[in-house]
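Coordinates from structure_15.cif are shown below (mmCIF, C-alpha atoms and all ligand atoms).
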```cif
data_start
loop_
_atom_site.label_atom_id
_atom_site.label_comp_id
_atom_site.auth_asym_id
_atom_site.auth_seq_id
_atom_site.Cartn_x
_atom_site.Cartn_y
_atom_site.Cartn_z
CA MET A 1 0.00 0.00 0.00
CA PRO A 2 1.48 3.44 -0.91
CA PRO A 3 2.27 5.78 1.99
CA ALA A 4 -0.56 8.12 2.90
CA ALA A 5 -0.43 11.95 2.67
CA VAL A 6 0.10 13.49 6.12
CA PRO A 7 -3.14 15.11 7.34
CA LYS A 8 -3.16 18.35 9.34
CA ALA A 9 -3.48 17.81 13.10
CA SER A 10 -3.05 20.12 16.07
CA ALA A 11 -2.07 17.52 18.68
CA ALA A 12 -0.65 14.04 19.02
CA VAL A 13 -0.51 11.15 21.42
CA VAL A 14 2.80 9.29 21.30
CA GLY A 15 1.66 6.29 23.24
CA GLY A 16 3.84 3.97 25.22
CA SER A 17 3.12 0.85 27.18
CA GLY A 18 0.42 2.57 29.26
CA SER A 19 -2.00 2.83 26.36
CA PHE A 20 -0.62 -0.16 24.48
CA ALA A 21 -3.21 -2.63 25.68
CA SER A 22 -6.23 -0.44 25.12
CA SER A 23 -8.22 0.23 21.95
CA PHE A 24 -7.10 3.84 22.23
CA PRO A 25 -8.82 6.26 21.73
CA ALA A 26 -12.14 4.44 21.19
CA GLY A 27 -14.41 4.49 24.22
CA LEU A 28 -12.07 6.56 26.41
CA HIS A 29 -13.46 10.06 25.86
CA GLU A 30 -16.97 10.99 24.79
CA GLY A 31 -15.62 13.66 22.42
CA ALA A 32 -13.20 11.30 20.63
CA ARG A 33 -14.00 9.82 17.23
CA VAL A 34 -11.62 7.73 15.14
CA LEU A 35 -11.39 8.96 11.54
CA GLU A 36 -8.74 6.65 10.06
CA ARG A 37 -6.46 3.87 11.21
CA GLU A 38 -3.29 2.20 9.94
CA LEU A 39 -1.89 5.30 8.22
CA VAL A 40 1.74 4.79 7.20
CA PHE A 41 3.75 7.80 6.01
CA ASP A 42 6.95 8.11 4.01
CA THR A 43 9.74 9.94 5.91
CA PRO A 44 13.46 10.62 5.32
CA TRP A 45 14.09 7.89 7.94
CA GLY A 46 11.89 5.30 6.23
CA ASP A 47 8.22 4.37 6.48
CA SER A 48 6.62 5.45 9.75
CA PRO A 49 4.89 3.12 12.18
CA PRO A 50 1.08 3.09 11.69
CA PHE A 51 -0.80 6.16 12.96
CA SER A 52 -4.47 6.66 13.64
CA LEU A 53 -6.21 9.98 13.00
CA PHE A 54 -8.96 10.96 15.39
CA GLU A 55 -11.10 13.92 16.29
CA LEU A 56 -11.20 15.17 19.86
CA GLU A 57 -13.84 17.82 20.56
CA GLY A 58 -13.47 19.18 17.03
CA GLU A 59 -9.64 19.09 16.93
CA ARG A 60 -7.79 16.64 14.70
CA CYS A 61 -5.19 14.53 16.50
CA LEU A 62 -2.75 11.78 15.60
CA HIS A 63 -1.95 8.71 17.67
CA VAL A 64 1.02 6.42 17.29
CA ARG A 65 2.40 3.65 19.46
CA LEU A 66 6.08 4.17 20.01
CA HIS A 67 6.88 1.18 22.15
CA GLY A 68 9.02 -1.79 21.42
CA TRP A 69 11.39 -2.28 18.56
CA ARG A 70 10.34 -3.02 15.00
CA GLN A 71 12.56 -5.51 13.25
CA GLY A 72 15.32 -3.64 11.44
CA VAL A 73 14.32 -0.17 12.75
CA SER A 74 16.38 1.39 15.54
CA ARG A 75 14.58 3.21 18.33
CA GLY A 76 16.26 6.49 17.35
CA ARG A 77 15.17 6.09 13.75
CA ALA A 78 11.59 5.28 14.78
CA SER A 79 11.43 8.50 16.82
CA ARG A 80 12.58 10.55 13.81
CA GLN A 81 9.95 8.88 11.63
CA VAL A 82 7.25 9.83 14.14
CA PHE A 83 8.36 13.43 14.68
CA SER A 84 8.87 13.98 10.96
CA VAL A 85 5.18 13.12 10.53
CA LEU A 86 4.13 15.33 13.47
CA HIS A 87 6.12 18.24 12.00
CA ARG A 88 4.44 17.93 8.61
CA ALA A 89 1.03 17.64 10.30
CA GLY A 90 1.64 20.92 12.15
CA VAL A 91 1.29 19.35 15.60
CA ARG A 92 1.76 21.82 18.51
CA HIS A 93 0.90 19.65 21.54
CA VAL A 94 2.29 16.16 22.22
CA VAL A 95 1.34 13.95 25.15
CA SER A 96 3.02 10.67 25.94
CA ASP A 97 2.79 7.82 28.41
CA ALA A 98 4.86 4.82 29.40
CA GLY A 99 5.27 2.16 32.04
CA VAL A 100 8.35 2.88 34.16
CA GLY A 101 10.36 1.44 37.04
CA SER A 102 10.74 3.35 40.29
CA LEU A 103 14.23 4.43 41.36
CA ASN A 104 12.79 6.38 44.29
CA ALA A 105 11.85 4.11 47.21
CA LEU A 106 8.84 6.33 47.96
CA LEU A 107 7.19 5.35 44.66
CA ASP A 108 5.11 2.17 44.43
CA PRO A 109 3.68 0.17 41.53
CA GLY A 110 0.46 1.84 40.39
CA ASP A 111 1.66 5.40 41.16
CA LEU A 112 1.50 8.01 38.40
CA VAL A 113 4.34 10.47 37.80
CA ILE A 114 4.22 13.55 35.57
CA ALA A 115 7.92 14.03 34.90
CA ASP A 116 9.31 17.56 34.73
CA ASP A 117 12.94 16.76 33.86
CA PHE A 118 15.09 13.96 32.51
CA VAL A 119 18.56 12.45 32.24
CA ASP A 120 19.29 10.80 28.90
CA MET A 121 21.49 7.74 29.46
CA THR A 122 20.82 6.26 26.02
CA THR A 123 23.84 5.44 23.90
CA GLN A 124 22.54 4.89 20.38
CA ARG A 125 19.66 7.30 19.76
CA ASP A 126 21.34 10.59 18.97
CA ASP A 127 23.16 9.72 15.77
CA GLN A 128 20.16 10.15 13.46
CA GLY A 129 20.02 13.94 13.63
CA THR A 130 17.17 16.36 14.15
CA VAL A 131 13.95 16.62 12.14
CA VAL A 132 14.11 20.38 11.48
CA GLY A 133 17.64 21.09 12.68
CA GLU A 134 17.48 24.88 12.50
CA HIS A 135 17.62 25.57 16.21
CA LEU A 136 19.71 25.34 19.32
CA LEU A 137 17.46 23.28 21.60
CA ILE A 138 17.50 24.68 25.14
CA MET A 139 16.45 22.23 27.85
CA ARG A 140 15.96 24.77 30.63
CA GLU A 141 12.33 23.68 31.00
CA PRO A 142 12.15 20.49 28.90
CA VAL A 143 8.54 19.57 29.68
CA CYS A 144 5.72 22.02 28.98
CA PRO A 145 4.34 23.33 32.31
CA VAL A 146 0.92 23.96 30.77
CA GLY A 147 0.78 20.39 29.48
CA ARG A 148 1.91 19.05 32.86
CA GLU A 149 -0.86 21.00 34.60
CA ALA A 150 -3.44 19.67 32.11
CA LEU A 151 -2.26 16.12 32.82
CA ALA A 152 -2.26 16.72 36.59
CA ALA A 153 -5.82 18.09 36.51
CA ALA A 154 -6.94 15.12 34.40
CA ALA A 155 -5.28 12.64 36.78
CA ARG A 156 -6.85 14.31 39.83
CA GLY A 157 -10.29 14.23 38.23
CA LEU A 158 -10.21 10.72 36.75
CA ALA A 159 -8.25 8.85 39.44
CA PRO A 160 -9.05 10.58 42.74
CA GLY A 161 -7.91 7.63 44.85
CA ARG A 162 -4.65 7.18 43.01
CA ARG A 163 -1.29 8.48 44.18
CA PHE A 164 0.20 10.79 41.61
CA PHE A 165 3.23 13.04 41.68
CA PRO A 166 3.29 16.27 39.65
CA ARG A 167 7.06 16.26 39.22
CA GLY A 168 9.93 13.80 38.96
CA VAL A 169 13.07 13.09 36.98
CA TYR A 170 12.85 10.45 34.25
CA VAL A 171 16.11 8.56 33.61
CA VAL A 172 16.11 7.17 30.08
CA THR A 173 18.03 3.96 29.35
CA GLU A 174 18.73 2.38 26.00
CA GLY A 175 17.01 -0.97 26.49
CA PRO A 176 15.49 -3.22 25.43
CA ARG A 177 16.75 -5.04 28.55
CA PHE A 178 16.06 -3.85 32.10
CA GLU A 179 18.80 -2.47 34.37
CA SER A 180 21.15 -4.44 36.63
CA PRO A 181 21.29 -3.85 40.43
CA ALA A 182 24.62 -2.04 40.12
CA GLU A 183 23.26 0.15 37.31
CA VAL A 184 20.20 0.95 39.42
CA ARG A 185 22.41 1.98 42.37
CA PHE A 186 24.00 4.53 40.04
CA LEU A 187 20.77 5.61 38.34
CA ARG A 188 19.17 6.27 41.76
CA THR A 189 21.58 9.19 42.11
CA LEU A 190 20.14 10.68 38.91
CA GLY A 191 16.37 10.50 39.11
CA ASP A 192 13.08 9.07 40.33
CA ILE A 193 11.86 6.79 37.54
CA VAL A 194 13.59 4.77 34.83
CA GLY A 195 12.31 3.77 31.41
CA GLN A 196 13.09 3.58 27.73
CA SER A 197 10.84 6.27 26.27
CA PHE A 198 10.96 10.08 26.68
CA ALA A 199 14.25 10.64 24.79
CA PRO A 200 14.77 11.66 22.07
CA GLU A 201 11.05 12.50 21.88
CA VAL A 202 11.24 15.33 24.43
CA TRP A 203 13.80 17.27 22.43
CA LEU A 204 12.49 16.29 18.98
CA ALA A 205 9.25 17.96 20.10
CA ARG A 206 11.21 21.14 20.80
CA ASP A 207 12.96 20.74 17.45
CA ILE A 208 9.60 20.83 15.61
CA GLY A 209 8.21 23.64 17.81
CA ALA A 210 5.76 21.50 19.77
CA CYS A 211 5.08 21.33 23.51
CA TYR A 212 5.70 17.96 25.18
CA ALA A 213 4.36 16.44 28.42
CA GLY A 214 3.69 12.91 29.63
CA VAL A 215 2.30 10.76 32.40
CA TYR A 216 4.20 7.68 33.55
CA LEU A 217 2.80 4.67 35.34
CA VAL A 218 5.08 2.90 37.82
CA VAL A 219 4.88 -0.82 37.01
CA ASN A 220 7.71 -2.11 39.21
CA HIS A 221 10.55 -1.20 41.55
CA ALA A 222 13.89 -1.14 39.75
CA GLU A 223 16.30 -3.88 40.85
CA GLY A 224 17.34 -3.44 44.48
CA VAL A 225 14.74 -0.74 45.23
CA VAL A 226 12.42 -1.90 48.07
CA ASP A 227 11.82 -5.48 46.93
CA GLU A 228 12.05 -7.91 44.06
CA TRP A 229 9.36 -7.19 41.49
CA ASP A 230 6.84 -9.67 40.24
CA HIS A 231 6.18 -10.16 36.53
CA GLY A 232 2.55 -11.01 37.15
CA GLU A 233 1.96 -7.73 38.98
CA LEU A 234 3.77 -5.77 36.26
CA THR A 235 1.59 -7.38 33.59
CA ARG A 236 -1.57 -6.77 35.60
CA ILE A 237 -0.84 -3.06 36.09
CA PHE A 238 0.12 -2.74 32.45
CA HIS A 239 -3.21 -4.08 31.29
CA ASP A 240 -5.56 -2.96 34.07
CA ASP A 241 -4.45 0.67 34.00
CA ALA A 242 -4.13 1.11 30.25
CA ASP A 243 -7.62 2.57 29.90
CA LEU A 244 -7.11 4.95 32.83
CA VAL A 245 -3.88 6.28 31.32
CA GLY A 246 -5.61 6.65 27.96
CA ARG A 247 -8.47 8.61 29.54
CA ILE A 248 -6.00 10.91 31.31
CA LEU A 249 -4.13 11.59 28.05
CA LEU A 250 -7.32 12.45 26.15
CA ALA A 251 -8.79 14.62 28.92
CA ALA A 252 -5.50 16.52 29.16
CA LEU A 253 -5.30 17.06 25.41
CA ALA A 254 -8.91 18.29 25.29
CA ALA A 255 -8.24 20.76 28.13
CA TRP A 256 -4.78 21.94 27.01
CA PRO A 257 -5.32 25.63 26.10
CA HIS A 258 -4.11 26.71 22.66
CA ASP A 259 -2.92 30.04 24.06
CA GLY A 260 -1.27 28.50 27.14
CA ALA A 261 1.36 30.69 28.76
CA CYS A 262 4.41 28.49 28.22
CA ARG A 263 7.77 29.39 26.71
CA CYS A 264 8.51 26.11 24.93
CA ARG A 265 8.91 27.79 21.55
CA GLU A 266 11.13 30.49 23.05
CA LEU A 267 13.50 27.79 24.29
CA ARG A 268 14.79 27.12 20.80
CA LYS A 269 17.06 29.68 19.24
CA PRO A 270 18.54 29.95 15.74
CA THR A 271 21.53 27.62 15.59
CA LEU A 272 25.00 29.09 15.15
CA LEU A 273 26.27 25.86 13.62
CA ARG A 274 25.01 26.21 10.06
ZN ZN A 301 4.62 24.50 26.07
#
```
What does the file become when written as structure tokens?
Amino acid sequence: MPPAAVPKASAAVVGGSGSFASSFPAGLHEGARVLERELVFDTPWGDSPPFSLFELEGERCLHVRLHGWRQGVSRGRASRQVFSVLHRAGVRHVVSDAGVGSLNALLDPGDLVIADDFVDMTTQRDDQGTVVGEHLLIMREPVCPVGREALAAAARGLAPGRRFFPRGVYVVTEGPRFESPAEVRFLRTLGDIVGQSFAPEVWLARDIGACYAGVYLVVNHAEGVVDEWDHGELTRIFHDDADLVGRILLAALAAWPHDGACRCRELRKPTLLR
């Protein structure tokens, strides 16, 4: 099938493991309506993963699952494919989700964290370049504060009994394997949660002039933090909470103001390196 033409869209959901198990976005928001599924686009980094196009309270949005590794496609390349499509669509707001491990002993499986900063410990994702590449990307405030507040309000409203934390540092590892006990002892000095999404997406969003924010579901303790984790519990949280995470993402996107007072686009400056 030939690649599709990229439709215009104002927002996007770059879904991780949290919304992986659900039929996202069907049935998760009364104002959401799926328009098209299985849209594959041509990009300078190869054919994109399949997107769906949906309407959310009159706004057109794209959804893509960016979790796991497609055969023959590196994780860094997959991220460029996705953000190349979002750039051509004109996307200004991006929300993401993922299942993560806790590095902080105060976090438990089932907790939700809206990260406000990150440490990129990946080793193989930065060699594919930027999508636009015309700017110096300043990471002073890497996650959009307006998007974070929209996610926090959605989490408070939809999961009132659930522990959630409106800030935290996301440590990004290369994967696909999990981290060793010795690695976790080191990573605990860097942040609160550990996972394999978030980078390079957070700075590719800035590269294309979009705001980025995400909600992360703790699915286990990292090795050596509190106790040994159980695969059955991880799987259960993964599946049982997928719809809740999906509802939070959609409610946040619907409430995210277009004229929000953030400075995400001011935190990219013309590059001096061209
Ligand atoms: Zn912003």
- Enumerate, as a PyMOL selection string, the protein, DNA and RNA residues whose atoms approach (14.0, 3.4, 17.5) to within 12 Å, taking into account only C-alpha atoms and the coordinate frame of the file. chain A and resi 45-46+48-49+65-83+122-128+174-176+196-201
- Out of A:Gly209, A:Gly214, A:Gly129, A:Gly161, which residue has the shortest atom-to-atom distance to Val143 in chain A when counting only C-alpha atoms?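 Among A:Gly209, A:Gly214, A:Gly129, A:Gly161, it is A:Gly214 that comes nearest to Val143 in chain A.
Within a radius of 9 Å around (10.1, 5.9, 38.6), the polymer residues are Gly99, Val100, Gly101, Ser102, Leu103, Asn104, Ala105, Leu107, Asp108, Asp111, Leu112, Val113, Gly168, Val169, Tyr170, Val171, Gly191, Asp192, Ile193, Val194, Gly195, Tyr216, Leu217, Val218, Val219, Asn220, His221 and Ala222 of chain A, counting only C-alpha atoms.
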- Task: Check which residues fall inside 7 Å of ligand ZN 301 (chain A) when counting only C-alpha atoms and all ligand atoms, and print them as a PyMOL selection string.
- Result: chain A and resi 144-147+211-212+262-264
- Message: To one decimal place in Å, what is the distance between CA of Ala153 in chain A and CA of Arg268 in chain A?
- Response: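 Separating CA of Ala153 in chain A from CA of Arg268 in chain A is a distance of 27.4 Å.
Of note, CA of Ala115 in chain A and CA of Thr130 in chain A are spaced 22.8 Å apart.
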- Message: So that I can see what lies close to Val215 in chain A, please list as a list in words the residues with an atom at most 9 Å from it, counting all atoms listed in the file and leaving out residues fewer than 5 positions away in the same chain.
- Response: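 So, after excluding close chain neighbours, the residues are Gly18, Val95, Ser96, Asp97, Ala98, Leu112, Val113, Ile114, Ala115, Arg148, Leu151, Ala152, Ala155, Val245, Ile248 and Leu249 of chain A.
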